[in-house]
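K.L.:
Provided herewith: entry-v4.cif, mmCIF, C-alpha atoms.
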data_final
#
loop_
_atom_site.label_atom_id
_atom_site.label_comp_id
_atom_site.auth_asym_id
_atom_site.auth_seq_id
_atom_site.Cartn_x
_atom_site.Cartn_y
_atom_site.Cartn_z
CA MET V 1 -34.84 -17.71 -2.27
CA TYR V 2 -32.68 -17.32 0.80
CA ASP V 3 -29.46 -15.75 -0.39
CA PHE V 4 -26.89 -16.66 2.26
CA HIS V 5 -23.96 -15.35 0.23
CA ASN V 6 -25.44 -11.91 0.08
CA ILE V 7 -24.72 -11.10 3.73
CA ALA V 8 -22.67 -7.92 3.95
CA LEU V 9 -20.04 -8.19 6.67
CA THR V 10 -18.45 -5.21 8.34
CA PRO V 11 -14.64 -5.12 8.15
CA ALA V 12 -14.46 -6.18 11.82
CA GLU V 13 -16.74 -9.15 11.16
CA THR V 14 -14.71 -10.11 8.09
CA LEU V 15 -11.55 -10.03 10.16
CA LEU V 16 -13.12 -12.15 12.89
CA LEU V 17 -14.33 -14.65 10.30
CA ASN V 18 -10.90 -14.78 8.72
CA ALA V 19 -9.19 -15.19 12.08
CA ALA V 20 -11.49 -18.13 12.78
CA ILE V 21 -10.67 -19.73 9.42
CA LEU V 22 -6.96 -19.17 10.01
CA SER V 23 -7.20 -20.80 13.44
CA VAL V 24 -8.79 -23.89 11.86
CA ILE V 25 -5.96 -24.03 9.31
CA VAL V 26 -3.25 -23.60 11.97
CA PHE V 27 -4.83 -26.26 14.16
CA ALA V 28 -5.07 -28.68 11.24
CA LEU V 29 -1.47 -28.00 10.21
CA LEU V 30 -0.21 -28.58 13.75
CA LYS V 31 -2.10 -31.89 13.84
CA ALA V 32 -0.77 -32.86 10.44
CA GLU V 33 2.80 -32.04 11.37
CA ARG V 34 2.78 -34.41 14.35
CA ARG V 35 2.06 -37.34 12.07
CA LEU V 36 4.93 -36.59 9.75
CA ASP V 37 8.15 -38.57 9.83
CA GLU V 38 11.24 -36.80 10.99
CA ASN V 39 12.98 -34.93 8.18
CA SER V 40 9.86 -34.44 6.06
CA GLY V 41 11.35 -31.17 4.93
CA TRP V 42 9.55 -30.93 1.62
CA ILE V 43 6.17 -31.55 3.17
CA MET V 44 6.95 -28.89 5.76
CA LEU V 45 7.75 -26.48 2.95
CA ALA V 46 4.38 -27.22 1.39
CA LEU V 47 2.62 -26.74 4.74
CA LEU V 48 4.38 -23.41 5.21
CA ALA V 49 3.25 -22.35 1.74
CA VAL V 50 -0.36 -23.25 2.56
CA PHE V 51 -0.15 -21.35 5.84
CA ALA V 52 1.45 -18.29 4.25
CA PHE V 53 -1.09 -18.36 1.40
CA ALA V 54 -4.04 -18.55 3.79
CA GLY V 55 -2.50 -16.00 6.14
CA ARG V 56 -1.86 -13.42 3.45
CA ILE V 57 -5.38 -13.66 2.08
CA LEU V 58 -7.16 -13.83 5.41
CA PHE V 59 -5.31 -10.86 6.86
CA GLU V 60 -6.08 -8.80 3.76
CA PRO V 61 -8.52 -6.49 5.64
CA LEU V 62 -5.61 -5.24 7.77
CA PRO V 63 -3.24 -2.84 5.99
CA ASN V 64 0.04 -4.59 5.27
CA ILE V 65 -0.22 -6.94 8.24
CA GLN V 66 0.27 -10.58 7.17
CA PRO V 67 2.45 -13.50 8.23
CA VAL V 68 4.21 -14.17 4.90
CA THR V 69 7.32 -12.14 5.69
CA LEU V 70 7.96 -13.95 8.98
CA ILE V 71 7.28 -17.36 7.44
CA VAL V 72 9.69 -16.71 4.57
CA LEU V 73 12.28 -15.45 7.07
CA LEU V 74 11.94 -18.63 9.15
CA ALA V 75 12.13 -20.74 6.00
CA GLY V 76 15.40 -18.97 5.18
CA ILE V 77 16.80 -19.65 8.64
CA TYR V 78 15.84 -23.33 8.81
CA LEU V 79 15.65 -24.44 5.19
CA GLY V 80 18.08 -22.13 3.39
CA SER V 81 17.87 -19.50 0.67
CA PRO V 82 16.78 -21.58 -2.33
CA ARG V 83 13.74 -23.03 -0.60
CA ALA V 84 12.84 -19.70 1.01
CA PHE V 85 12.99 -18.09 -2.44
CA ALA V 86 10.80 -20.82 -3.91
CA LEU V 87 8.34 -20.33 -1.07
CA ALA V 88 8.32 -16.56 -1.67
CA GLY V 89 7.57 -17.12 -5.35
CA VAL V 90 4.80 -19.64 -4.81
CA VAL V 91 3.06 -17.54 -2.15
CA ALA V 92 3.31 -14.22 -4.02
CA LEU V 93 2.18 -15.70 -7.32
CA SER V 94 -0.67 -17.81 -5.95
CA THR V 95 -2.15 -15.11 -3.70
CA ASN V 96 -1.86 -12.45 -6.39
CA VAL V 97 -3.22 -14.50 -9.28
CA LEU V 98 -6.07 -16.02 -7.32
CA VAL V 99 -7.15 -13.17 -5.07
CA LEU V 100 -5.21 -9.97 -4.65
CA GLY V 101 -4.28 -9.00 -8.20
CA HIS V 102 -1.36 -9.99 -10.41
CA GLY V 103 0.92 -7.61 -12.28
CA PRO V 104 4.54 -6.49 -12.58
CA TRP V 105 4.60 -5.88 -8.82
CA THR V 106 4.37 -9.64 -8.23
CA LEU V 107 7.95 -10.01 -9.47
CA PHE V 108 9.11 -7.35 -7.03
CA GLN V 109 7.23 -9.03 -4.20
CA VAL V 110 8.96 -12.33 -5.04
CA ILE V 111 12.32 -10.56 -5.02
CA GLY V 112 11.45 -8.70 -1.81
CA TRP V 113 10.38 -11.82 0.09
CA GLY V 114 13.22 -13.79 -1.48
CA ALA V 115 15.64 -11.20 -0.12
CA VAL V 116 14.07 -11.55 3.33
CA GLY V 117 14.52 -15.34 3.14
CA CYS V 118 18.15 -14.93 2.03
CA SER V 119 18.87 -12.56 4.91
CA GLY V 120 17.54 -15.23 7.29
CA ALA V 121 19.74 -17.87 5.67
CA LEU V 122 22.83 -15.67 5.74
CA LEU V 123 22.32 -14.76 9.41
CA ALA V 124 21.18 -18.26 10.38
CA ASP V 125 24.33 -18.85 12.49
CA ARG V 126 23.36 -15.96 14.73
CA LEU V 127 19.61 -16.49 14.74
CA LEU V 128 19.63 -20.22 15.43
CA ILE V 129 22.26 -21.21 17.98
CA GLU V 130 22.45 -24.93 18.83
CA GLY V 131 18.87 -25.49 17.78
CA GLU V 132 17.62 -22.56 19.89
CA LEU V 133 15.91 -19.77 17.99
CA GLN V 134 17.12 -16.36 19.24
CA LEU V 135 13.66 -14.81 19.42
CA ASN V 136 14.70 -11.22 20.11
CA ARG V 137 17.09 -11.22 17.16
CA VAL V 138 14.51 -12.83 14.89
CA ALA V 139 11.94 -10.26 15.99
CA ALA V 140 14.38 -7.43 15.26
CA LEU V 141 15.21 -8.83 11.82
CA ALA V 142 11.50 -9.37 11.11
CA PHE V 143 10.84 -5.72 11.97
CA VAL V 144 13.60 -4.53 9.64
CA SER V 145 12.37 -6.93 6.94
CA GLY V 146 9.09 -5.01 6.78
CA PHE V 147 11.02 -2.01 5.49
CA THR V 148 13.34 -4.07 3.28
CA PHE V 149 10.44 -5.78 1.55
CA ASN V 150 8.34 -2.62 1.12
CA TRP V 151 11.22 -0.59 -0.27
CA ILE V 152 12.18 -3.30 -2.76
CA VAL V 153 8.56 -3.46 -3.94
CA SER V 154 8.28 0.35 -4.02
CA SER V 155 11.36 0.60 -6.23
CA SER V 156 9.21 -0.95 -8.97
CA ILE V 157 7.90 2.56 -9.70
CA LEU V 158 11.31 3.29 -11.25
CA LEU V 159 10.13 1.24 -14.25
CA LYS V 160 7.64 3.99 -15.05
CA THR V 161 8.69 7.15 -13.24
CA ASP V 162 11.58 9.47 -12.70
CA PRO V 163 14.06 8.48 -9.92
CA ALA V 164 13.40 11.87 -8.27
CA MET V 165 9.92 10.57 -7.49
CA LEU V 166 11.23 7.69 -5.38
CA ALA V 167 11.90 9.76 -2.24
CA PRO V 168 8.38 11.25 -1.90
CA TYR V 169 6.94 7.85 -2.82
CA LEU V 170 8.87 6.11 -0.04
CA LEU V 171 8.05 8.90 2.40
CA ASN V 172 4.35 8.53 1.71
CA GLY V 173 4.56 4.80 2.26
CA LEU V 174 6.18 5.15 5.67
CA LEU V 175 3.03 4.46 7.66
CA PHE V 176 2.42 1.28 5.62
CA ASP V 177 6.06 0.27 6.17
CA LEU V 178 5.49 0.68 9.89
CA TYR V 179 2.33 -1.43 9.78
CA HIS V 180 4.26 -4.17 8.01
CA ALA V 181 7.24 -3.95 10.40
CA VAL V 182 5.10 -3.97 13.55
CA GLY V 183 2.91 -6.77 12.16
CA ASN V 184 6.08 -8.81 11.59
CA LEU V 185 7.17 -8.09 15.16
CA VAL V 186 3.85 -9.40 16.51
CA PHE V 187 3.95 -12.51 14.31
CA ALA V 188 7.57 -13.13 15.34
CA ALA V 189 6.73 -12.80 19.02
CA TRP V 190 3.77 -15.16 18.85
CA MET V 191 4.51 -17.60 16.04
CA ALA V 192 8.24 -17.84 15.45
CA ALA V 193 8.91 -20.27 18.31
CA PRO V 194 6.23 -22.88 17.48
CA ILE V 195 6.91 -22.75 13.73
CA GLY V 196 10.65 -22.88 14.43
CA ASP V 197 10.22 -26.00 16.56
CA MET V 198 8.38 -27.70 13.74
CA LEU V 199 10.97 -26.68 11.18
CA LEU V 200 13.81 -27.87 13.39
CA ARG V 201 12.34 -31.37 13.41
CA HIS V 202 12.22 -31.32 9.65
CA SER V 203 15.12 -29.21 8.47
CA ILE V 204 16.32 -30.65 5.21
CA ALA V 205 19.94 -29.71 5.21
CA PRO V 206 22.33 -28.11 7.68
CA THR V 207 21.97 -24.39 7.20
CA SER V 208 25.67 -23.71 6.81
CA GLU V 209 25.76 -25.98 3.75
CA THR V 210 22.90 -24.12 2.14
CA VAL V 211 24.60 -20.80 2.73
CA SER V 212 27.81 -21.91 1.05
CA GLU V 213 25.76 -23.16 -1.91
CA ILE V 214 24.44 -19.65 -2.43
CA VAL V 215 27.83 -18.04 -1.97
CA THR V 216 29.49 -20.21 -4.58
CA ASN V 217 26.63 -19.60 -6.97
CA MET R 1 12.13 -13.87 27.36
CA SER R 2 9.39 -14.71 24.89
CA ASP R 3 6.64 -13.50 27.24
CA LYS R 4 8.27 -10.09 27.46
CA LEU R 5 8.59 -10.01 23.68
CA ARG R 6 4.93 -10.96 23.24
CA THR R 7 3.72 -8.24 25.59
CA ALA R 8 6.04 -5.70 24.01
CA SER R 9 4.90 -6.60 20.49
CA ILE R 10 1.25 -6.03 21.38
CA LEU R 11 2.07 -2.73 23.09
CA VAL R 12 3.98 -1.55 20.01
CA LEU R 13 1.04 -2.52 17.79
CA VAL R 14 -1.43 -0.61 19.96
CA ALA R 15 0.91 2.38 20.01
CA LEU R 16 1.15 2.34 16.22
CA VAL R 17 -2.62 2.18 15.78
CA LEU R 18 -3.05 5.10 18.20
CA LEU R 19 -0.27 7.14 16.61
CA ALA R 20 -1.26 6.40 13.00
CA PRO R 21 -3.30 9.61 12.45
CA ALA R 22 -0.47 11.73 13.86
CA ILE R 23 2.07 9.91 11.68
CA ARG R 24 -0.09 10.49 8.60
CA ASP R 25 -0.29 14.20 9.35
CA ALA R 26 3.46 14.42 9.88
CA ILE R 27 4.07 12.63 6.56
CA SER R 28 1.69 15.01 4.74
CA GLU R 29 3.59 17.98 6.12
CA GLU R 30 6.97 16.53 5.17
CA SER R 31 5.68 15.81 1.68
CA VAL R 32 5.25 19.52 1.03
CA ILE R 33 8.98 19.84 0.31
CA TYR R 34 8.58 17.45 -2.64
CA VAL R 35 5.76 19.43 -4.22
CA ASN R 36 6.92 21.45 -7.21
CA ASP R 37 7.21 25.18 -7.18
CA SER R 38 3.86 26.57 -8.27
CA GLU R 39 5.28 29.10 -10.75
CA SER R 40 5.26 27.03 -13.96
CA ALA R 41 1.87 25.56 -13.04
CA HIS R 42 0.43 29.05 -13.63
CA ASP R 43 1.34 29.02 -17.34
CA GLY R 44 -1.78 29.72 -19.39
CA LEU R 45 -3.76 30.91 -16.39
CA PRO R 46 -4.87 34.55 -15.98
CA SER R 47 -1.91 36.62 -14.77
CA GLU R 48 -3.98 38.13 -11.96
CA TRP R 49 -4.01 34.66 -10.43
CA ASN R 50 -0.23 34.56 -10.05
CA ASP R 51 0.46 33.81 -6.37
CA GLU R 52 -3.19 32.88 -5.87
CA GLN R 53 -4.61 29.40 -5.42
CA VAL R 54 -6.29 27.80 -8.44
CA ILE R 55 -8.18 24.60 -9.17
CA CYS R 56 -8.64 23.27 -12.71
CA VAL R 57 -10.79 20.40 -13.92
CA LEU R 58 -10.10 18.99 -17.39
CA PHE R 59 -12.45 16.66 -19.23
CA PRO R 60 -11.52 13.96 -21.74
CA ASP R 61 -12.36 14.54 -25.44
CA ASP R 62 -14.89 11.73 -25.47
CA PHE R 63 -16.62 12.90 -22.30
CA PRO R 64 -16.80 16.71 -22.51
CA HIS R 65 -18.48 18.85 -19.89
CA SER R 66 -21.97 20.09 -20.84
CA ILE R 67 -20.91 23.77 -20.61
CA TYR R 68 -17.12 23.91 -20.47
CA SER R 69 -16.70 21.97 -23.70
CA SER R 70 -14.64 24.48 -25.67
CA GLY R 71 -11.25 25.57 -24.39
CA VAL R 72 -10.67 26.13 -20.69
CA THR R 73 -13.06 28.56 -19.00
CA MET R 74 -11.46 30.79 -16.36
CA ILE R 75 -13.74 31.65 -13.44
CA ASP R 76 -12.75 34.12 -10.76
CA ALA R 77 -13.22 33.51 -7.04
CA ASP R 78 -16.33 35.74 -7.03
CA GLY R 79 -17.96 33.59 -9.74
CA SER R 80 -17.44 35.98 -12.65
CA ALA R 81 -16.08 34.57 -15.91
CA ILE R 82 -12.67 35.99 -16.85
CA GLY R 83 -12.48 34.37 -20.26
CA VAL R 84 -11.74 31.20 -22.14
CA ASN R 85 -8.24 30.01 -23.02
CA GLU R 86 -8.57 28.34 -26.41
CA ASN R 87 -4.86 27.63 -26.67
CA TYR R 88 -5.05 24.58 -24.46
CA ASN R 89 -5.53 21.35 -26.32
CA VAL R 90 -7.97 20.36 -23.64
CA THR R 91 -11.34 21.46 -22.35
CA GLY R 92 -12.63 22.22 -18.88
CA ALA R 93 -12.63 24.99 -16.34
CA CYS R 94 -10.36 26.65 -13.79
CA VAL R 95 -11.49 28.54 -10.72
CA GLY R 96 -8.83 30.80 -9.23
CA GLY R 97 -8.00 33.83 -7.16
CA PHE R 98 -8.05 32.16 -3.75
CA SER R 99 -5.64 32.51 -0.87
CA GLY R 100 -5.20 31.22 2.63
CA TYR R 101 -6.27 27.61 2.07
CA SER R 102 -4.07 24.80 3.40
CA ASP R 103 -6.52 21.87 3.52
CA GLY R 104 -6.79 20.42 -0.01
CA MET R 105 -10.32 19.04 0.33
CA GLU R 106 -11.69 22.22 1.92
CA PHE R 107 -10.22 24.29 -0.93
CA MET R 108 -11.60 21.95 -3.58
CA LEU R 109 -15.14 22.02 -2.20
CA ASP R 110 -15.15 25.81 -1.68
CA ALA R 111 -13.60 26.64 -5.05
CA THR R 112 -15.79 24.31 -7.11
CA ARG R 113 -18.89 25.70 -5.39
CA VAL R 114 -18.11 29.05 -7.05
CA ALA R 115 -19.02 27.48 -10.42
CA GLY R 116 -22.62 27.19 -9.21
CA GLY R 117 -22.99 23.43 -9.34
CA HIS R 118 -21.36 22.99 -12.74
CA LEU R 119 -18.26 21.51 -11.07
CA ALA R 120 -20.05 19.68 -8.25
CA VAL R 121 -17.83 17.14 -6.51
CA GLY R 122 -19.00 13.64 -5.57
CA TYR R 123 -16.84 11.64 -3.21
CA GLU R 124 -16.86 8.82 -0.72
CA VAL R 125 -14.92 8.77 2.51
CA GLY R 126 -13.08 5.50 2.97
CA ASP R 127 -10.45 4.30 5.43
CA TRP R 128 -7.80 6.31 3.63
CA GLY R 129 -9.70 9.59 3.30
CA PRO R 130 -11.99 11.01 0.63
CA TYR R 131 -12.08 9.35 -2.81
CA VAL R 132 -13.34 11.71 -5.52
CA HIS R 133 -15.38 9.81 -8.10
CA THR R 134 -17.41 12.59 -9.74
CA ILE R 135 -16.57 16.14 -10.82
CA GLY R 136 -18.90 18.31 -12.89
CA GLY R 137 -21.25 15.40 -13.52
CA LEU R 138 -18.59 13.04 -14.84
CA ASN R 139 -18.32 9.88 -12.75
CA ASP R 140 -15.03 8.03 -13.33
CA ALA R 141 -16.92 4.74 -13.54
CA GLU R 142 -18.71 6.00 -16.69
CA VAL R 143 -15.44 6.64 -18.51
CA THR R 144 -14.81 3.66 -20.73
CA GLY R 145 -12.59 3.04 -23.71
CA ASP R 146 -9.48 1.19 -24.71
CA PHE R 147 -8.26 0.77 -21.12
CA SER R 148 -9.10 -1.20 -17.97
CA GLY R 149 -10.52 1.65 -15.96
CA ALA R 150 -10.48 5.37 -15.29
CA TYR R 151 -10.19 7.60 -12.24
CA TRP R 152 -9.98 11.27 -11.40
CA GLU R 153 -6.24 11.92 -11.18
CA LEU R 154 -4.97 14.67 -8.88
CA HIS R 155 -2.09 16.96 -9.88
CA HIS R 156 -0.46 19.40 -7.51
CA ASN R 157 1.54 22.20 -9.17
CA GLY R 158 1.83 20.25 -12.40
CA GLU R 159 2.99 16.93 -10.94
CA MET R 160 0.87 13.93 -10.13
CA SER R 161 0.16 14.04 -6.38
CA TRP R 162 1.25 11.15 -4.17
CA LEU R 163 -1.28 12.22 -1.61
CA GLY R 164 -5.04 12.11 -1.81
CA ILE R 165 -6.90 15.42 -1.85
CA GLY R 166 -7.76 14.89 1.82
CA ASP R 167 -4.06 14.82 2.76
CA VAL R 168 -2.76 17.53 0.42
CA ILE R 169 -1.48 20.61 2.20
CA LEU R 170 -1.58 23.77 0.07
CA SER R 171 0.77 26.73 -0.02
CA GLU R 172 -0.05 30.15 -1.40
CA GLY R 173 -0.16 30.14 -5.21
CA ASP R 174 -0.63 26.37 -5.51
CA VAL R 175 -2.45 24.94 -8.51
CA ILE R 176 -4.63 21.85 -8.13
CA LEU R 177 -5.63 20.07 -11.32
CA TRP R 178 -7.95 17.13 -11.88
CA ARG R 179 -8.09 15.12 -15.05
CA ILE R 180 -9.12 11.62 -15.99
CA GLY R 181 -6.34 9.07 -15.70
CA THR R 182 -6.59 5.51 -16.95
CA TRP R 183 -4.96 2.18 -16.22
#
Using structure tokens, write down the structure that the file contains.
P.N.:
Amino acid sequence: MYDFHNIALTPAETLLLNAAILSVIVFALLKAERRLDENSGWIMLALLAVFAFAGRILFEPLPNIQPVTLIVLLAGIYLGSPRAFALAGVVALSTNVLVLGHGPWTLFQVIGWGAVGCSGALLADRLLIEGELQLNRVAALAFVSGFTFNWIVSSSILLKTDPAMLAPYLLNGLLFDLYHAVGNLVFAAWMAAPIGDMLLRHSIAPTSETVSEIVTN
Amino acid sequence: MSDKLRTASILVLVALVLLAPAIRDAISEESVIYVNDSESAHDGLPSEWNDEQVICVLFPDDFPHSIYSSGVTMIDADGSAIGVNENYNVTGACVGGFSGYSDGMEFMLDATRVAGGHLAVGYEVGDWGPYVHTIGGLNDAEVTGDFSGAYWELHHNGEMSWLGIGDVILSEGDVILWRIGTW
């Protein structure tokens, strides 16, 4: 019997395959978005979740390079903290349970990405000025977010180990932090503007309102 | 503006990929300051090995080594047996009396060779350096029990090592220890 599923792909081939699949998804999402009514904010949130889910899984062969952090950051800027947090939770849980492995770290990933989304919401006034996304600032925040997210997730070792172990642990993760930060920078440079345009057409609530919601909470 | 950013982002990515090996080496060297003092790691080892480099391999109760199954056998760098420490609650072997090694993997391979094949090391080299799966005939995949899985766990001067054996940098008197860890 011809066993098609038994083809062993090299990592480079896997990455190429995944990039092709991701392109199909992006293309389909862009098509789908054009048919949406204005202000279909909830559908946009779902589309972002699908894109982040696919992106995280398909970029898995690359160490720590994936588009989730940037997408959550943009969701925070355009849609506000609560929705960005919900997005963070859905993406972390679904990718971990279905593919990458679920455990206590999932909670820390949700908190980490949620924090990234909140930072976007809090700084929205400076990142999105009169409907214009300030790309350089977003790219800078995305870069920093790589470290923020990784360090929040790394702090989960405190549940099991001595606090003195945190410093060497973080030091040894530095290269992976850099991969994440630089990956975010690349995604911000290439994807933030088109995704931002889409989100602008469908933002659910004025960002300032969402920020004050969080503050009073 | 965005074109500049796009070009810059790709350049930064390429730079990171090119610099990654150098960054890893720099991190390994910095990590040395977090490695414990080797003094207490010498407790129970022959006193002539004080200030010398030592490697120990401990085997789980349910999966003892075919020869080193009672106490911990002490083997000198020239291959001669110094004795057996029965006071440990564990079984296995230590090979000691080395100096001058800084590369963890090189030390491990040289030192275990002294035991004449009884501590032979099996490993695979992946993207992140060597992964040790077998020592002295015990493959971590064969270790089963009331846990999800087992692996050879690396300790450096009595503390679990954050680095793999391929990245560990040794000082004089350092003690490397392998034992089965589970998750």
K.L.:
Which distance in Å separates atom CA of Ala77 of chain R and atom CA of Glu172 of chain R, to one decimal?
P.N.:
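Taking atom CA of Ala77 of chain R as the start and atom CA of Glu172 of chain R as the end point, the length is 14.7 Å.
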K.L.:
Selection in question (the file shown): the PyMOL selection byres ((chain V) within 8 of (chain R)). Which residues does it include, as a PyMOL selection string?
P.N.:
chain V and resi 135-136+168-169+171-172+174-175+178-179+182-183+185-186+189-190
K.L.:
Identify all residues satisfying the PyMOL selection byres ((chain V and resi 99-113) around 6) in the given file; provide them as a ChimeraX atom specification.
P.N.:
/V:88-89,95-98,114-116,149,152-153
K.L.:
Could you tell me which residues the PyMOL selection byres ((chain R and resi 106-118) around 7) returns for this structure, as JSON, numbers by chain?
P.N.:
{"R": [77, 78, 79, 95, 101, 103, 104, 105, 119, 120, 136]}
K.L.:
Which residue gives the smallest distance to Ile75 of chain R among R:Tyr88, R:Leu58, R:Gly96, R:Val143, with only C-alpha atoms counted?
P.N.:
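For Ile75 of chain R, the nearest of the candidates is R:Gly96.
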K.L.:
Reconstruct N, CA, C and O atoms of segment 162-178 of chain V from the incomplete input and present them as a PDB file, keeping the file's coordinate frame.
P.N.:
ATOM      1  N   ASP V 162      10.300   8.845 -12.915  1.00  0.00           N
ATOM      2  CA  ASP V 162      11.580   9.470 -12.700  1.00  0.00           C
ATOM      3  C   ASP V 162      12.151   9.089 -11.322  1.00  0.00           C
ATOM      4  O   ASP V 162      11.408   9.029 -10.357  1.00  0.00           O
ATOM      5  N   PRO V 163      13.472   8.820 -11.225  1.00  0.00           N
ATOM      6  CA  PRO V 163      14.060   8.480  -9.920  1.00  0.00           C
ATOM      7  C   PRO V 163      13.818   9.532  -8.853  1.00  0.00           C
ATOM      8  O   PRO V 163      13.747   9.208  -7.665  1.00  0.00           O
ATOM      9  N   ALA V 164      13.644  10.802  -9.255  1.00  0.00           N
ATOM     10  CA  ALA V 164      13.400  11.870  -8.270  1.00  0.00           C
ATOM     11  C   ALA V 164      12.095  11.634  -7.521  1.00  0.00           C
ATOM     12  O   ALA V 164      11.873  12.181  -6.443  1.00  0.00           O
ATOM     13  N   MET V 165      11.212  10.826  -8.113  1.00  0.00           N
ATOM     14  CA  MET V 165       9.920  10.570  -7.490  1.00  0.00           C
ATOM     15  C   MET V 165      10.003   9.516  -6.392  1.00  0.00           C
ATOM     16  O   MET V 165       9.067   9.341  -5.614  1.00  0.00           O
ATOM     17  N   LEU V 166      11.142   8.804  -6.326  1.00  0.00           N
ATOM     18  CA  LEU V 166      11.230   7.690  -5.380  1.00  0.00           C
ATOM     19  C   LEU V 166      11.154   8.171  -3.934  1.00  0.00           C
ATOM     20  O   LEU V 166      10.467   7.566  -3.112  1.00  0.00           O
ATOM     21  N   ALA V 167      11.858   9.282  -3.629  1.00  0.00           N
ATOM     22  CA  ALA V 167      11.900   9.760  -2.240  1.00  0.00           C
ATOM     23  C   ALA V 167      10.514  10.125  -1.705  1.00  0.00           C
ATOM     24  O   ALA V 167      10.114   9.619  -0.648  1.00  0.00           O
ATOM     25  N   PRO V 168       9.727  10.973  -2.425  1.00  0.00           N
ATOM     26  CA  PRO V 168       8.380  11.250  -1.900  1.00  0.00           C
ATOM     27  C   PRO V 168       7.509  10.006  -1.845  1.00  0.00           C
ATOM     28  O   PRO V 168       6.678   9.862  -0.948  1.00  0.00           O
ATOM     29  N   TYR V 169       7.730   9.092  -2.783  1.00  0.00           N
ATOM     30  CA  TYR V 169       6.940   7.850  -2.820  1.00  0.00           C
ATOM     31  C   TYR V 169       7.219   7.026  -1.561  1.00  0.00           C
ATOM     32  O   TYR V 169       6.291   6.553  -0.906  1.00  0.00           O
ATOM     33  N   LEU V 170       8.507   6.878  -1.237  1.00  0.00           N
ATOM     34  CA  LEU V 170       8.870   6.110  -0.040  1.00  0.00           C
ATOM     35  C   LEU V 170       8.378   6.811   1.222  1.00  0.00           C
ATOM     36  O   LEU V 170       7.876   6.172   2.149  1.00  0.00           O
ATOM     37  N   LEU V 171       8.504   8.136   1.234  1.00  0.00           N
ATOM     38  CA  LEU V 171       8.050   8.900   2.400  1.00  0.00           C
ATOM     39  C   LEU V 171       6.564   8.666   2.644  1.00  0.00           C
ATOM     40  O   LEU V 171       6.131   8.429   3.771  1.00  0.00           O
ATOM     41  N   ASN V 172       5.789   8.690   1.550  1.00  0.00           N
ATOM     42  CA  ASN V 172       4.350   8.530   1.710  1.00  0.00           C
ATOM     43  C   ASN V 172       3.951   7.118   2.081  1.00  0.00           C
ATOM     44  O   ASN V 172       2.832   6.885   2.519  1.00  0.00           O
ATOM     45  N   GLY V 173       4.877   6.173   1.876  1.00  0.00           N
ATOM     46  CA  GLY V 173       4.560   4.800   2.260  1.00  0.00           C
ATOM     47  C   GLY V 173       4.980   4.462   3.680  1.00  0.00           C
ATOM     48  O   GLY V 173       4.769   3.341   4.132  1.00  0.00           O
ATOM     49  N   LEU V 174       5.562   5.419   4.371  1.00  0.00           N
ATOM     50  CA  LEU V 174       6.180   5.150   5.670  1.00  0.00           C
ATOM     51  C   LEU V 174       5.216   4.525   6.685  1.00  0.00           C
ATOM     52  O   LEU V 174       5.583   3.601   7.413  1.00  0.00           O
ATOM     53  N   LEU V 175       3.995   5.003   6.700  1.00  0.00           N
ATOM     54  CA  LEU V 175       3.030   4.460   7.660  1.00  0.00           C
ATOM     55  C   LEU V 175       2.757   2.981   7.337  1.00  0.00           C
ATOM     56  O   LEU V 175       2.651   2.149   8.235  1.00  0.00           O
ATOM     57  N   PHE V 176       2.674   2.665   6.021  1.00  0.00           N
ATOM     58  CA  PHE V 176       2.420   1.280   5.620  1.00  0.00           C
ATOM     59  C   PHE V 176       3.638   0.408   5.916  1.00  0.00           C
ATOM     60  O   PHE V 176       3.500  -0.764   6.281  1.00  0.00           O
ATOM     61  N   ASP V 177       4.844   0.993   5.790  1.00  0.00           N
ATOM     62  CA  ASP V 177       6.060   0.270   6.170  1.00  0.00           C
ATOM     63  C   ASP V 177       6.002  -0.085   7.647  1.00  0.00           C
ATOM     64  O   ASP V 177       6.344  -1.192   8.049  1.00  0.00           O
ATOM     65  N   LEU V 178       5.563   0.892   8.445  1.00  0.00           N
ATOM     66  CA  LEU V 178       5.490   0.680   9.890  1.00  0.00           C
ATOM     67  C   LEU V 178       4.470  -0.409  10.242  1.00  0.00           C
ATOM     68  O   LEU V 178       4.717  -1.249  11.098  1.00  0.00           O
TER      69      LEU V 178
END
